[in-house]
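Chemist: Pasting my_file-v8.cif below, which is mmCIF, C-alpha atoms.
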data_query
loop_
_atom_site.label_atom_id
_atom_site.label_comp_id
_atom_site.auth_asym_id
_atom_site.auth_seq_id
_atom_site.Cartn_x
_atom_site.Cartn_y
_atom_site.Cartn_z
CA MET S 930 -71.78 157.00 32.94
CA LYS S 931 -72.27 159.54 30.22
CA LYS S 932 -73.59 156.93 27.84
CA ILE S 933 -76.26 155.76 30.25
CA LEU S 934 -77.42 159.29 30.67
CA ALA S 935 -77.67 159.72 26.92
CA LEU S 936 -79.80 156.58 26.60
CA GLY S 937 -82.08 157.82 29.30
CA MET S 938 -82.54 161.02 27.42
CA LEU S 939 -83.37 159.18 24.25
CA GLY S 940 -86.14 157.33 26.03
CA LEU S 941 -87.55 160.59 27.19
CA LEU S 942 -87.41 162.03 23.72
CA VAL S 943 -89.30 159.10 22.20
CA ALA S 944 -91.97 159.53 24.80
CA MET S 945 -92.22 163.17 23.83
CA ALA S 946 -92.59 162.22 20.22
CA PHE S 947 -95.60 160.14 21.18
CA ALA S 948 -97.08 163.06 23.02
CA LEU S 949 -96.56 165.33 20.05
CA GLY S 950 -98.32 162.80 17.87
CA THR S 951 -101.57 163.29 19.68
CA SER S 952 -101.78 166.88 18.63
CA ALA S 953 -100.75 166.22 15.04
CA THR S 954 -103.25 165.77 12.24
CA PHE S 955 -104.91 162.43 11.64
CA ARG S 956 -102.46 159.59 11.26
CA ASP S 957 -103.65 156.59 13.16
CA TYR S 958 -106.69 156.06 15.26
CA ARG S 959 -107.36 153.34 17.76
CA VAL S 960 -110.08 153.46 20.38
CA GLN S 961 -111.93 150.95 22.48
CA ARG S 962 -115.63 151.38 22.95
CA SER S 963 -117.67 149.36 25.37
CA SER S 964 -120.68 147.23 24.80
CA HIS S 965 -122.98 146.01 27.52
CA ILE S 966 -125.47 143.25 26.91
CA ALA S 967 -127.82 141.79 29.46
CA ILE S 968 -128.91 138.20 28.99
CA VAL S 969 -132.34 137.99 30.55
CA ALA S 970 -135.11 135.41 30.93
CA ASP S 971 -137.32 134.70 27.92
CA ASP S 972 -140.25 136.60 29.43
CA SER S 973 -138.39 139.91 29.63
CA GLU S 974 -136.30 139.97 26.47
CA LEU S 975 -136.82 142.08 23.36
CA ILE S 976 -139.12 139.53 21.80
CA ASP S 977 -140.86 138.19 24.87
CA LEU S 978 -141.97 134.62 25.28
CA THR S 979 -144.30 134.64 28.26
CA PRO S 980 -146.06 131.65 29.81
CA ALA S 981 -149.83 132.09 29.64
CA GLN S 982 -150.90 128.76 31.14
CA PRO S 983 -149.61 126.57 33.97
CA TYR S 984 -148.33 124.17 31.29
CA ALA S 985 -145.78 126.79 30.36
CA TYR S 986 -143.21 128.22 32.74
CA ILE S 987 -139.82 129.94 32.82
CA ASN S 988 -137.18 127.57 34.15
CA GLU S 989 -134.27 128.48 36.43
CA ARG S 990 -132.07 129.06 33.38
CA GLY S 991 -134.49 131.69 32.12
CA LYS S 992 -135.93 129.63 29.29
CA LEU S 993 -139.56 129.12 28.43
CA VAL S 994 -140.53 125.48 28.89
CA ILE S 995 -143.83 123.93 27.94
CA ASP S 996 -144.33 120.78 29.93
CA PHE S 997 -147.38 118.55 29.97
CA SER S 998 -145.99 116.11 32.54
CA SER S 999 -145.50 115.78 36.26
CA ASP S 1000 -142.02 117.27 35.76
CA ASN S 1001 -143.71 120.65 35.43
CA PRO S 1002 -143.27 122.60 38.72
CA ASN S 1003 -146.86 123.81 38.30
CA TRP S 1004 -148.20 120.26 38.35
CA PRO S 1005 -150.70 120.27 41.25
CA GLY S 1006 -149.31 117.00 42.62
CA HIS S 1007 -146.27 118.86 43.90
CA GLU S 1008 -148.46 120.76 46.34
CA ASP S 1009 -151.20 118.25 47.04
CA ALA S 1010 -150.22 114.69 47.93
CA ASN S 1011 -153.71 113.42 47.10
CA TRP S 1012 -153.21 114.54 43.53
CA THR S 1013 -150.67 111.76 42.89
CA ASN S 1014 -151.22 109.75 39.76
CA ARG S 1015 -153.82 112.11 38.42
CA GLY S 1016 -153.21 114.27 35.42
CA MET S 1017 -149.59 113.34 34.99
CA GLY S 1018 -149.64 113.82 31.26
CA LEU S 1019 -151.50 113.11 28.07
CA SER S 1020 -153.19 109.85 27.13
CA PRO S 1021 -151.87 107.82 24.22
CA GLN S 1022 -153.53 108.37 20.86
CA SER S 1023 -155.47 111.38 21.91
CA ARG S 1024 -155.53 114.97 20.78
CA TYR S 1025 -155.54 117.98 23.02
CA ASN S 1026 -155.73 121.61 22.22
CA PHE S 1027 -154.87 124.50 24.48
CA ASP S 1028 -155.58 128.11 23.57
CA HIS S 1029 -152.92 130.68 24.45
CA VAL S 1030 -150.21 128.46 25.92
CA PHE S 1031 -147.57 131.16 25.64
CA ASN S 1032 -147.50 134.74 24.42
CA VAL S 1033 -145.07 136.26 21.97
CA SER S 1034 -144.75 140.02 22.22
CA ASN S 1035 -142.88 142.76 20.45
CA ASP S 1036 -140.80 144.60 23.07
CA LEU S 1037 -138.19 145.92 20.67
CA TRP S 1038 -137.04 149.44 21.42
CA GLU S 1039 -137.30 150.84 17.93
CA ASN S 1040 -141.06 150.98 17.36
CA LYS S 1041 -141.20 148.58 14.44
CA THR S 1042 -143.78 146.02 13.45
CA ILE S 1043 -142.23 142.57 13.35
CA LEU S 1044 -143.00 139.35 11.52
CA VAL S 1045 -142.81 136.30 13.78
CA GLU S 1046 -142.53 132.69 12.65
CA VAL S 1047 -143.14 129.80 15.06
CA ILE S 1048 -141.91 126.37 13.98
CA SER S 1049 -142.45 123.00 15.61
CA SER S 1050 -139.65 120.44 15.32
CA ASP S 1051 -142.33 117.73 15.07
CA PRO S 1052 -145.54 119.04 13.47
CA GLY S 1053 -147.12 115.60 13.86
CA LYS S 1054 -147.01 115.99 17.63
CA VAL S 1055 -147.23 119.74 18.17
CA SER S 1056 -148.81 122.34 15.94
CA PHE S 1057 -150.10 125.86 16.48
CA TYR S 1058 -153.28 127.87 16.08
CA ASP S 1059 -154.91 131.09 17.22
CA PRO S 1060 -158.67 131.17 17.82
CA GLU S 1061 -158.64 134.93 17.14
CA GLU S 1062 -157.45 134.15 13.60
CA ASN S 1063 -154.42 136.44 13.64
CA MET S 1064 -152.12 133.63 12.52
CA ARG S 1065 -151.32 132.33 9.04
CA ILE S 1066 -149.68 129.16 7.81
CA THR S 1067 -146.16 130.08 6.70
CA GLY S 1068 -145.86 130.04 2.94
CA GLY S 1069 -149.62 129.83 2.41
CA ASN S 1070 -152.86 131.65 2.97
CA GLY S 1071 -154.45 129.27 5.47
CA THR S 1072 -155.57 130.55 8.86
CA PRO S 1073 -154.93 128.07 11.65
CA TYR S 1074 -157.73 128.89 14.10
CA ASN S 1075 -158.57 125.53 15.70
CA SER S 1076 -157.42 121.98 16.26
CA ASP S 1077 -158.12 120.82 12.71
CA THR S 1078 -156.47 123.77 11.00
CA ALA S 1079 -153.39 123.92 13.27
CA SER S 1080 -150.02 123.98 11.51
CA GLY S 1081 -146.46 123.20 12.56
CA ASP S 1082 -145.15 126.36 10.88
CA VAL S 1083 -147.12 129.54 11.44
CA CYS S 1084 -146.52 133.27 11.19
CA PHE S 1085 -148.06 136.51 12.37
CA TYR S 1086 -147.34 140.23 12.64
CA LEU S 1087 -146.89 142.12 15.90
CA ALA S 1088 -147.09 145.90 16.12
CA PRO S 1089 -144.87 147.54 18.80
CA GLY S 1090 -146.05 146.43 22.23
CA GLU S 1091 -148.54 143.95 20.79
CA GLU S 1092 -148.67 140.30 21.84
CA LEU S 1093 -150.26 137.14 20.52
CA GLY S 1094 -151.16 133.99 22.44
CA VAL S 1095 -149.99 130.88 20.66
CA GLY S 1096 -152.40 127.95 20.99
CA MET S 1097 -151.08 124.42 20.79
CA GLU S 1098 -152.56 121.28 19.33
CA LEU S 1099 -150.97 118.17 20.81
CA ALA S 1100 -151.27 114.77 19.19
CA ALA S 1101 -150.06 112.10 21.60
CA PRO S 1102 -148.48 109.02 19.99
CA ASN S 1103 -149.88 105.60 20.75
CA THR S 1104 -147.05 104.54 23.01
CA LEU S 1105 -146.38 105.68 26.54
CA GLY S 1106 -143.28 107.66 27.30
CA ASP S 1107 -141.72 111.09 27.32
CA TYR S 1108 -141.53 113.07 24.11
CA ASN S 1109 -139.36 116.12 23.78
CA LEU S 1110 -139.46 118.54 20.95
CA THR S 1111 -138.37 122.06 20.20
CA ILE S 1112 -140.28 125.15 19.20
CA THR S 1113 -138.26 127.70 17.27
CA VAL S 1114 -139.31 131.34 17.19
CA LYS S 1115 -137.91 133.64 14.51
CA ALA S 1116 -138.59 137.34 14.01
CA TRP S 1117 -137.73 140.06 11.51
CA PRO S 1118 -138.71 143.70 10.99
CA ALA S 1119 -141.87 143.43 8.89
CA ASP S 1120 -140.50 145.76 6.22
CA ASP S 1121 -137.34 143.69 5.82
CA ALA S 1122 -138.61 140.13 6.22
CA PRO S 1123 -137.68 137.22 3.93
CA PHE S 1124 -141.35 136.44 3.24
CA VAL S 1125 -144.81 137.95 3.52
CA CYS S 1126 -147.02 136.28 6.10
CA GLY S 1127 -150.33 135.26 4.56
CA GLY S 1128 -149.08 136.22 1.12
CA GLY S 1129 -149.06 132.72 -0.33
CA ILE S 1130 -145.94 131.34 -1.92
CA MET I 939 -75.90 176.41 29.63
CA THR I 940 -79.31 175.18 30.68
CA ILE I 941 -81.06 177.04 27.92
CA LYS I 942 -78.83 175.54 25.28
CA LEU I 943 -79.55 172.02 26.46
CA LEU I 944 -83.30 172.54 26.26
CA ALA I 945 -83.07 173.90 22.76
CA GLY I 946 -81.12 170.84 21.76
CA ILE I 947 -83.80 168.54 23.07
CA GLY I 948 -86.48 170.41 21.23
CA LEU I 949 -84.80 170.08 17.91
CA PHE I 950 -84.15 166.41 18.40
CA THR I 951 -87.75 165.79 19.33
CA ILE I 952 -89.07 167.15 16.10
CA ILE I 953 -86.74 164.99 14.07
CA MET I 954 -87.74 161.92 16.02
CA SER I 955 -91.42 162.46 15.55
CA GLY I 956 -90.93 162.98 11.85
CA LEU I 957 -89.13 159.66 11.54
CA PHE I 958 -91.74 157.93 13.59
CA PHE I 959 -94.67 158.96 11.41
CA ALA I 960 -92.81 158.18 8.24
CA ASN I 961 -92.41 154.67 9.53
CA LEU I 962 -96.04 154.22 10.41
CA ASN I 963 -97.16 155.55 7.09
CA SER I 964 -95.04 153.30 5.00
CA GLU I 965 -95.62 150.10 6.91
CA HIS I 966 -99.18 150.43 8.17
CA SER I 967 -97.95 148.84 11.34
CA ILE I 968 -100.01 148.47 14.47
CA PRO I 969 -101.05 152.00 15.36
CA VAL I 970 -99.73 153.30 18.63
CA VAL I 971 -100.48 156.97 18.42
CA TYR I 972 -103.83 158.25 19.47
CA ALA I 973 -104.23 160.79 16.71
CA ILE I 974 -107.40 162.18 18.20
CA SER I 975 -107.28 162.90 21.89
CA GLU I 976 -109.95 161.85 24.30
CA SER I 977 -110.90 165.49 24.85
CA GLU I 978 -111.55 165.98 21.14
CA ALA I 979 -113.77 162.89 21.10
CA THR I 980 -115.62 164.17 24.13
CA ASN I 981 -116.72 167.42 22.60
CA GLY I 982 -118.24 165.57 19.68
CA THR I 983 -115.56 166.26 17.11
CA GLY I 984 -112.83 163.96 15.99
CA SER I 985 -114.61 160.68 16.51
CA ILE I 986 -114.82 158.30 13.61
CA GLU I 987 -117.65 156.32 15.22
CA SER I 988 -121.13 157.60 16.11
CA PRO I 989 -124.09 155.84 17.69
CA VAL I 990 -127.37 155.07 15.95
CA PRO I 991 -129.90 154.87 18.79
CA PRO I 992 -131.62 153.06 20.42
CA TYR I 993 -129.17 150.18 20.93
CA SER I 994 -126.18 152.51 21.14
CA TYR I 995 -125.75 156.03 22.46
CA LEU I 996 -123.09 158.54 23.51
CA GLN I 997 -121.97 158.01 27.08
CA ASP I 998 -119.88 160.98 28.22
CA GLY I 999 -119.09 161.61 24.58
CA PHE I 1000 -118.12 158.04 23.74
CA LEU I 1001 -120.00 155.47 21.73
CA LYS I 1002 -121.54 152.81 23.92
CA VAL I 1003 -123.59 149.84 22.82
CA ASP I 1004 -126.05 148.94 25.54
CA ILE I 1005 -128.85 146.40 25.34
CA SER I 1006 -129.98 146.30 28.95
CA ASN I 1007 -132.28 148.20 31.27
CA GLU I 1008 -129.31 150.39 32.23
CA SER I 1009 -129.32 152.13 28.87
CA PRO I 1010 -130.84 155.63 28.90
CA MET I 1011 -132.65 154.52 25.75
CA TYR I 1012 -134.39 151.66 27.61
CA PRO I 1013 -138.11 152.23 27.00
CA GLY I 1014 -139.34 150.26 30.03
CA PHE I 1015 -139.73 146.91 28.25
CA GLY I 1016 -137.40 144.43 26.59
CA LYS I 1017 -134.69 144.29 29.27
CA GLY I 1018 -132.16 142.44 27.18
CA LEU I 1019 -131.54 139.42 25.01
CA GLY I 1020 -132.81 135.90 25.61
CA LYS I 1021 -130.65 132.81 25.89
CA ASP I 1022 -129.83 130.39 23.10
CA THR I 1023 -130.80 132.93 20.50
CA VAL I 1024 -129.14 134.64 17.58
CA TYR I 1025 -129.88 138.34 17.21
CA VAL I 1026 -128.93 140.45 14.26
CA PHE I 1027 -129.00 144.22 14.69
CA GLU I 1028 -128.35 146.28 11.59
CA ASP I 1029 -127.08 149.86 11.88
CA VAL I 1030 -125.97 149.84 15.52
CA PHE I 1031 -123.44 152.59 14.89
CA THR I 1032 -121.65 154.34 12.05
CA VAL I 1033 -118.06 155.03 11.10
CA LYS I 1034 -117.30 158.06 8.98
CA ASN I 1035 -114.29 159.62 7.29
CA ASN I 1036 -114.83 163.24 8.20
CA GLU I 1037 -112.24 164.70 5.88
CA SER I 1038 -111.97 168.03 7.67
CA GLU I 1039 -110.85 166.11 10.77
CA THR I 1040 -108.88 163.25 9.30
CA GLY I 1041 -107.32 165.27 6.52
CA GLU I 1042 -107.40 162.12 4.42
CA SER I 1043 -109.36 161.55 1.21
CA VAL I 1044 -109.31 157.77 1.87
CA ILE I 1045 -109.08 155.95 5.17
CA CYS I 1046 -109.30 152.33 6.24
CA VAL I 1047 -111.39 151.62 9.32
CA THR I 1048 -111.19 148.31 11.16
CA VAL I 1049 -113.92 147.36 13.61
CA THR I 1050 -113.13 144.43 15.88
CA SER I 1051 -115.32 142.75 18.46
CA ASN I 1052 -113.40 141.40 21.42
CA SER I 1053 -116.10 138.84 22.20
CA ASP I 1054 -116.67 135.50 20.44
CA ASN I 1055 -120.40 135.95 20.89
CA ILE I 1056 -120.50 139.23 19.00
CA GLY I 1057 -119.68 139.56 15.32
CA VAL I 1058 -119.83 142.66 13.16
CA PHE I 1059 -120.86 143.36 9.58
CA GLU I 1060 -121.36 146.33 7.31
CA GLY I 1061 -124.65 147.52 5.89
CA ASN I 1062 -127.61 145.18 5.45
CA PHE I 1063 -127.15 141.69 6.88
CA LYS I 1064 -126.59 139.17 4.11
CA GLY I 1065 -125.85 136.13 6.24
CA SER I 1066 -122.18 136.71 6.96
CA TRP I 1067 -120.38 138.41 9.82
CA ASN I 1068 -116.90 138.49 11.26
CA GLN I 1069 -115.00 139.10 14.43
CA SER I 1070 -113.21 141.90 12.61
CA ILE I 1071 -114.08 143.84 9.45
CA SER I 1072 -112.18 146.48 7.48
CA ILE I 1073 -113.91 149.15 5.45
CA THR I 1074 -112.41 151.67 3.05
CA LEU I 1075 -114.07 155.07 3.38
CA LEU I 1076 -113.70 157.91 0.90
CA ALA I 1077 -113.93 161.52 2.02
CA ASN I 1078 -117.06 162.09 4.11
CA GLU I 1079 -118.32 158.58 3.40
CA THR I 1080 -120.26 156.79 6.16
CA ALA I 1081 -120.63 153.04 6.76
CA TYR I 1082 -123.28 151.44 8.96
CA ILE I 1083 -122.05 148.75 11.32
CA GLY I 1084 -124.36 145.95 12.43
CA MET I 1085 -123.90 143.35 15.16
CA HIS I 1086 -124.56 139.61 15.12
CA ILE I 1087 -125.04 138.45 18.70
CA ASN I 1088 -125.20 134.76 19.55
CA THR I 1089 -126.33 134.06 23.10
CA HIS I 1090 -125.86 130.29 22.95
CA ASN I 1091 -123.63 129.10 25.82
CA LEU I 1092 -124.28 132.28 27.79
CA THR I 1093 -125.98 132.20 31.16
CA LEU I 1094 -128.23 134.90 32.58
CA GLY I 1095 -126.32 138.01 33.56
CA ASP I 1096 -124.48 141.06 32.29
CA TYR I 1097 -121.75 140.90 29.68
CA ASN I 1098 -119.35 143.79 29.21
CA THR I 1099 -117.08 143.57 26.21
CA ALA I 1100 -115.11 145.96 24.05
CA ILE I 1101 -115.24 146.97 20.43
CA THR I 1102 -111.95 148.22 19.01
CA ILE I 1103 -112.07 150.78 16.23
CA GLU I 1104 -108.87 151.55 14.33
CA ALA I 1105 -108.28 153.74 11.35
CA PHE I 1106 -105.42 154.92 9.21
CA GLY I 1107 -104.92 156.92 6.05
CA GLY I 1108 -105.17 155.10 2.74
CA SER I 1109 -107.39 152.28 1.53
CA CYS I 1110 -107.56 148.92 3.30
CA GLU I 1111 -105.77 147.07 0.51
#
Would you kindly transcribe this structure into structure tokens?
Modeler:
Amino acid sequence: MKKILALGMLGLLVAMAFALGTSATFRDYRVQRSSHIAIVADDSELIDLTPAQPYAYINERGKLVIDFSSDNPNWPGHEDANWTNRGMGLSPQSRYNFDHVFNVSNDLWENKTILVEVISSDPGKVSFYDPEENMRITGGNGTPYNSDTASGDVCFYLAPGEELGVGMELAAPNTLGDYNLTITVKAWPADDAPFVCGGGI
Amino acid sequence: MTIKLLAGIGLFTIIMSGLFFANLNSEHSIPVVYAISESEATNGTGSIESPVPPYSYLQDGFLKVDISNESPMYPGFGKGLGKDTVYVFEDVFTVKNNESETGESVICVTVTSNSDNIGVFEGNFKGSWNQSISITLLANETAYIGMHINTHNLTLGDYNTAITIEAFGGSCE
């Protein structure tokens, strides 16, 4: 009986030692701090990708999709039954160009100009241009401003709040079918970027 | 009789605490003692970590990283991060060995992200990051902590995770 009591006391004393520790000088420090991150759709994130034409849209998963087929929810045939079989895609062996298919904008919070690079996974099928001539070919001095000058790897600068409409040149292959490719968008603070856009090699 | 007993407890307590700290010091074991109380952190003194706005700020005196439209720093655009993207933010917050508070000329600070999607690194991003990093800080030295956030495999929504910051006297190795 006495022994149990003594053990109980010991437990209490250890607890008190802990409490004393908090008022002692620095020994050990351990804190948990919280972080909260919202994953949002491409058209409302820090570096916005916004559809600027019916060919581009934000899908239910929040991703920008550019779709030149009847799978596109904006395809008029979904609304109008008479539209069926018309304008379901691109013709083989033809070239199309669309100004301002999607916009890239600088919505970062810290008021910094950014360098943006846009890369096509298949430059033979999709390349980029800007009729306003604010784009450069990455690693060169060329200005892709129309169908003939379009490039599969382009760059441009965006001041805070600024946006640029990316035009797309599409070269359809000579066989029918669906073709999927990926557009990669990269961005850096302009003053800390790995290359200078329009600065040659 | 009662008075005597209390005095006895007091004496014993002091001995115990002395032993306890000696142990921690020599073994660098997992820290259990909160050397700096929450109240000290609240009034702006005693914290090792400090925010570097806009992607972090002090919420009720505590560092909070917030990249959403709920942050008081939210400027009205850029509501968060996109999917399937890798973001690298340099200088999200700092850790500092404030010698007048730590009483140590050298401390080791460990910053650990509790989320697989968030890695941490020190200083300018050079291509590598880790779930946990340890930094040795001399007296009054400050290190800038950056975050590598990979949103692949995440769906739309809010993600709340924790960052653990630990420190003890002496260098990391």
Chemist: So that I can check the surroundings of Asn1007 of chain I, please list as a PyMOL selection string every protein, DNA and RNA residue that reaches within 9 Å of it, counting all atoms listed in the file and ignoring chain neighbours fewer than 5 positions away.
Modeler: (chain S and resi 967) or (chain I and resi 1012-1018)
Chemist: Please evaluate the PyMOL selection byres ((chain I and resi 1039-1045) around 7) against the displayed coordinates and give the resulting residues as an MDAnalysis selection string.
Modeler: (chainID S and resid 954:955) or (chainID I and resid 984 1035:1038 1046:1047 1074:1077 1105:1109)
Chemist: Could you turn the residues from that selection into a file that holds C-alpha atoms, as a compact mmCIF listing (two decimals), in the coordinates of the input?
Modeler:
# COMPACT_ATOMS: atom_id res chain seq x y z
CA THR S 954 -103.25 165.77 12.24
CA PHE S 955 -104.91 162.43 11.64
CA GLY I 984 -112.83 163.96 15.99
CA ASN I 1035 -114.29 159.62 7.29
CA ASN I 1036 -114.83 163.24 8.20
CA GLU I 1037 -112.24 164.70 5.88
CA SER I 1038 -111.97 168.03 7.67
CA CYS I 1046 -109.30 152.33 6.24
CA VAL I 1047 -111.39 151.62 9.32
CA THR I 1074 -112.41 151.67 3.05
CA LEU I 1075 -114.07 155.07 3.38
CA LEU I 1076 -113.70 157.91 0.90
CA ALA I 1077 -113.93 161.52 2.02
CA ALA I 1105 -108.28 153.74 11.35
CA PHE I 1106 -105.42 154.92 9.21
CA GLY I 1107 -104.92 156.92 6.05
CA GLY I 1108 -105.17 155.10 2.74
CA SER I 1109 -107.39 152.28 1.53
Chemist: Counting only C-alpha atoms, which of I:Gln1069, I:Thr1102, I:Thr1023, I:Thr1080 gets nearest to chain S?
Modeler: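 For chain S, the nearest of the candidates is I:Thr1102.
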Chemist: What are the closest atom pairs, with distances in Å to one decimal, for each residue of chain I lying within 6 Å of chain S, using only C-alpha atoms, rows by chain and rising residue number, as CSV?
Modeler:
residue,atom,partner,partner_atom,distance
I:Thr951,CA,S:Leu942,CA,5.8
I:Ser955,CA,S:Ala946,CA,4.8
I:Pro969,CA,S:Asp957,CA,5.7
I:Tyr972,CA,S:Thr951,CA,5.5
I:Ala973,CA,S:Thr951,CA,4.7
I:Lys1002,CA,S:Ser963,CA,5.4
I:Val1003,CA,S:Ser964,CA,4.4
I:Asp1004,CA,S:His965,CA,4.7
I:Ile1005,CA,S:Ile966,CA,4.9
I:Ser1006,CA,S:Ala967,CA,5.0
I:Phe1015,CA,S:Asp1036,CA,5.8
I:Gly1016,CA,S:Leu975,CA,4.0
I:Lys1017,CA,S:Glu974,CA,5.4
I:Gly1018,CA,S:Glu974,CA,4.9
I:Leu1019,CA,S:Ile968,CA,4.9
I:Gly1020,CA,S:Asp971,CA,5.2
I:Thr1040,CA,S:Phe955,CA,4.7
I:Leu1094,CA,S:Ile968,CA,4.9
I:Gly1095,CA,S:Ile968,CA,5.3
I:Asp1096,CA,S:Ala967,CA,4.4
I:Tyr1097,CA,S:Ile966,CA,5.2
I:Asn1098,CA,S:His965,CA,4.6
I:Thr1099,CA,S:Ser964,CA,5.3
I:Ala1100,CA,S:Ser963,CA,4.5
I:Ile1101,CA,S:Arg962,CA,5.1
I:Thr1102,CA,S:Gln961,CA,4.4
I:Ile1103,CA,S:Val960,CA,5.3
I:Glu1104,CA,S:Arg959,CA,4.2
I:Ala1105,CA,S:Tyr958,CA,4.8
I:Phe1106,CA,S:Asp957,CA,4.6
Chemist: Go ahead and dump the residues you just picked, C-alpha atoms, as an mmCIF file, in the coordinates of the input.
Modeler:
data_model
loop_
_atom_site.group_PDB
_atom_site.id
_atom_site.type_symbol
_atom_site.label_atom_id
_atom_site.label_comp_id
_atom_site.auth_asym_id
_atom_site.auth_seq_id
_atom_site.Cartn_x
_atom_site.Cartn_y
_atom_site.Cartn_z
ATOM 1 C CA THR I 951 -87.750 165.790 19.330
ATOM 2 C CA SER I 955 -91.420 162.460 15.550
ATOM 3 C CA PRO I 969 -101.050 152.000 15.360
ATOM 4 C CA TYR I 972 -103.830 158.250 19.470
ATOM 5 C CA ALA I 973 -104.230 160.790 16.710
ATOM 6 C CA LYS I 1002 -121.540 152.810 23.920
ATOM 7 C CA VAL I 1003 -123.590 149.840 22.820
ATOM 8 C CA ASP I 1004 -126.050 148.940 25.540
ATOM 9 C CA ILE I 1005 -128.850 146.400 25.340
ATOM 10 C CA SER I 1006 -129.980 146.300 28.950
ATOM 11 C CA PHE I 1015 -139.730 146.910 28.250
ATOM 12 C CA GLY I 1016 -137.400 144.430 26.590
ATOM 13 C CA LYS I 1017 -134.690 144.290 29.270
ATOM 14 C CA GLY I 1018 -132.160 142.440 27.180
ATOM 15 C CA LEU I 1019 -131.540 139.420 25.010
ATOM 16 C CA GLY I 1020 -132.810 135.900 25.610
ATOM 17 C CA THR I 1040 -108.880 163.250 9.300
ATOM 18 C CA LEU I 1094 -128.230 134.900 32.580
ATOM 19 C CA GLY I 1095 -126.320 138.010 33.560
ATOM 20 C CA ASP I 1096 -124.480 141.060 32.290
ATOM 21 C CA TYR I 1097 -121.750 140.900 29.680
ATOM 22 C CA ASN I 1098 -119.350 143.790 29.210
ATOM 23 C CA THR I 1099 -117.080 143.570 26.210
ATOM 24 C CA ALA I 1100 -115.110 145.960 24.050
ATOM 25 C CA ILE I 1101 -115.240 146.970 20.430
ATOM 26 C CA THR I 1102 -111.950 148.220 19.010
ATOM 27 C CA ILE I 1103 -112.070 150.780 16.230
ATOM 28 C CA GLU I 1104 -108.870 151.550 14.330
ATOM 29 C CA ALA I 1105 -108.280 153.740 11.350
ATOM 30 C CA PHE I 1106 -105.420 154.920 9.210
#
Chemist: Rounded to one decimal place, report the atom CA of Ile1087 of chain I-atom CA of Val1058 of chain I distance in Å.
Modeler: 8.7 Å
Chemist: Please evaluate the PyMOL selection byres ((chain S and resi 1018) around 10) against the displayed coordinates and give the resulting residues as an MDAnalysis selection string.
Modeler: chainID S and resid 996:1001 1004 1014:1017 1019:1021 1101 1105:1107
Chemist: Rounded to one decimal place, report the atom CA of Ala1100 of chain S-atom CA of Tyr1025 of chain S distance in Å.
Modeler: 6.6 Å
Chemist: Report, in Å to a single decimal, how far apart atom CA of Thr1093 of chain I and atom CA of Val1049 of chain I are.
Modeler: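 Distance reported for this atom pair: 26.1 Å.
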Chemist: Taking all atoms of segment 1001-1013 of chain I that the file lists, what box with edges along x, y and z, padded by 5 Å per side, do you get, with centre and edge lengths in Å to one decimal, as JSON?
Modeler:
{"center_x": -129.1, "center_y": 151.0, "center_z": 27.0, "size_x": 28.1, "size_y": 19.3, "size_z": 20.5}
Chemist: Expanded to explicit residues, what is the PyMOL selection byres ((chain I and resi 1067) around 9) for this file, as a list in words?
Modeler: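 Selected by the PyMOL selection byres ((chain I and resi 1067) around 9) in this file: Gly1057, Val1058, Phe1059, Glu1060, Phe1063, Lys1064, Gly1065, Ser1066, Asn1068, Gln1069, Ser1070, Ile1071, Gly1084, Met1085 and His1086 of chain I.
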Chemist: Skipping near chain neighbours, those fewer than 4 positions away, what residues fall within 12 Å of Leu996 of chain I using only C-alpha atoms, listed as a PyMOL selection string?
Modeler: (chain S and resi 962-964) or (chain I and resi 979-982+985+987-992+1000-1004+1009-1011+1031)
Chemist: Using all atoms listed in the file, which of S:Ser1049, S:Asn1040, S:Val1095, S:Glu1008 sits nearest Pro980 of chain S?
Modeler: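 The shortest atom-to-atom distance to Pro980 of chain S comes from S:Val1095.
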Chemist: Contacts of Gly1094 of chain S at 6 Å or less, counting all atoms listed in the file, minus same-chain residues fewer than 5 places along, as a list in words?
Modeler: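 Those residues are His1029, Phe1031 and Asn1032 of chain S.
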Chemist: Would you write out those residues with C-alpha atoms, as a PDB file, keeping the file's coordinate frame?
Modeler:
ATOM      1  CA  HIS S1029    -152.920 130.680  24.450  1.00  0.00           C
ATOM      2  CA  PHE S1031    -147.570 131.160  25.640  1.00  0.00           C
ATOM      3  CA  ASN S1032    -147.500 134.740  24.420  1.00  0.00           C
TER       4      ASN S1032
END
Chemist: Which residues, written as a CSV table (one decimal) with C-alpha atoms, in the coordinates of the input, have at least one atom at most 10 Å from Glu1046 of chain S, with only C-alpha atoms counted and residues fewer than 2 positions away on the same chain left out?
Modeler:
chain,number,residue,atom,x,y,z
S,1043,ILE,CA,-142.2,142.6,13.4
S,1044,LEU,CA,-143.0,139.4,11.5
S,1048,ILE,CA,-141.9,126.4,14.0
S,1064,MET,CA,-152.1,133.6,12.5
S,1065,ARG,CA,-151.3,132.3,9.0
S,1066,ILE,CA,-149.7,129.2,7.8
S,1067,THR,CA,-146.2,130.1,6.7
S,1082,ASP,CA,-145.2,126.4,10.9
S,1083,VAL,CA,-147.1,129.5,11.4
S,1084,CYS,CA,-146.5,133.3,11.2
S,1085,PHE,CA,-148.1,136.5,12.4
S,1086,TYR,CA,-147.3,140.2,12.6
S,1113,THR,CA,-138.3,127.7,17.3
S,1114,VAL,CA,-139.3,131.3,17.2
S,1115,LYS,CA,-137.9,133.6,14.5
S,1116,ALA,CA,-138.6,137.3,14.0
S,1117,TRP,CA,-137.7,140.1,11.5
S,1126,CYS,CA,-147.0,136.3,6.1
Chemist: Using all atoms listed in the file, give me every residue within 9 Å of (-142.5, 150.1, 13.8) in file coordinates, as number ranges by chain.
Modeler: S: 1039-1043, 1088-1089, 1118-1120
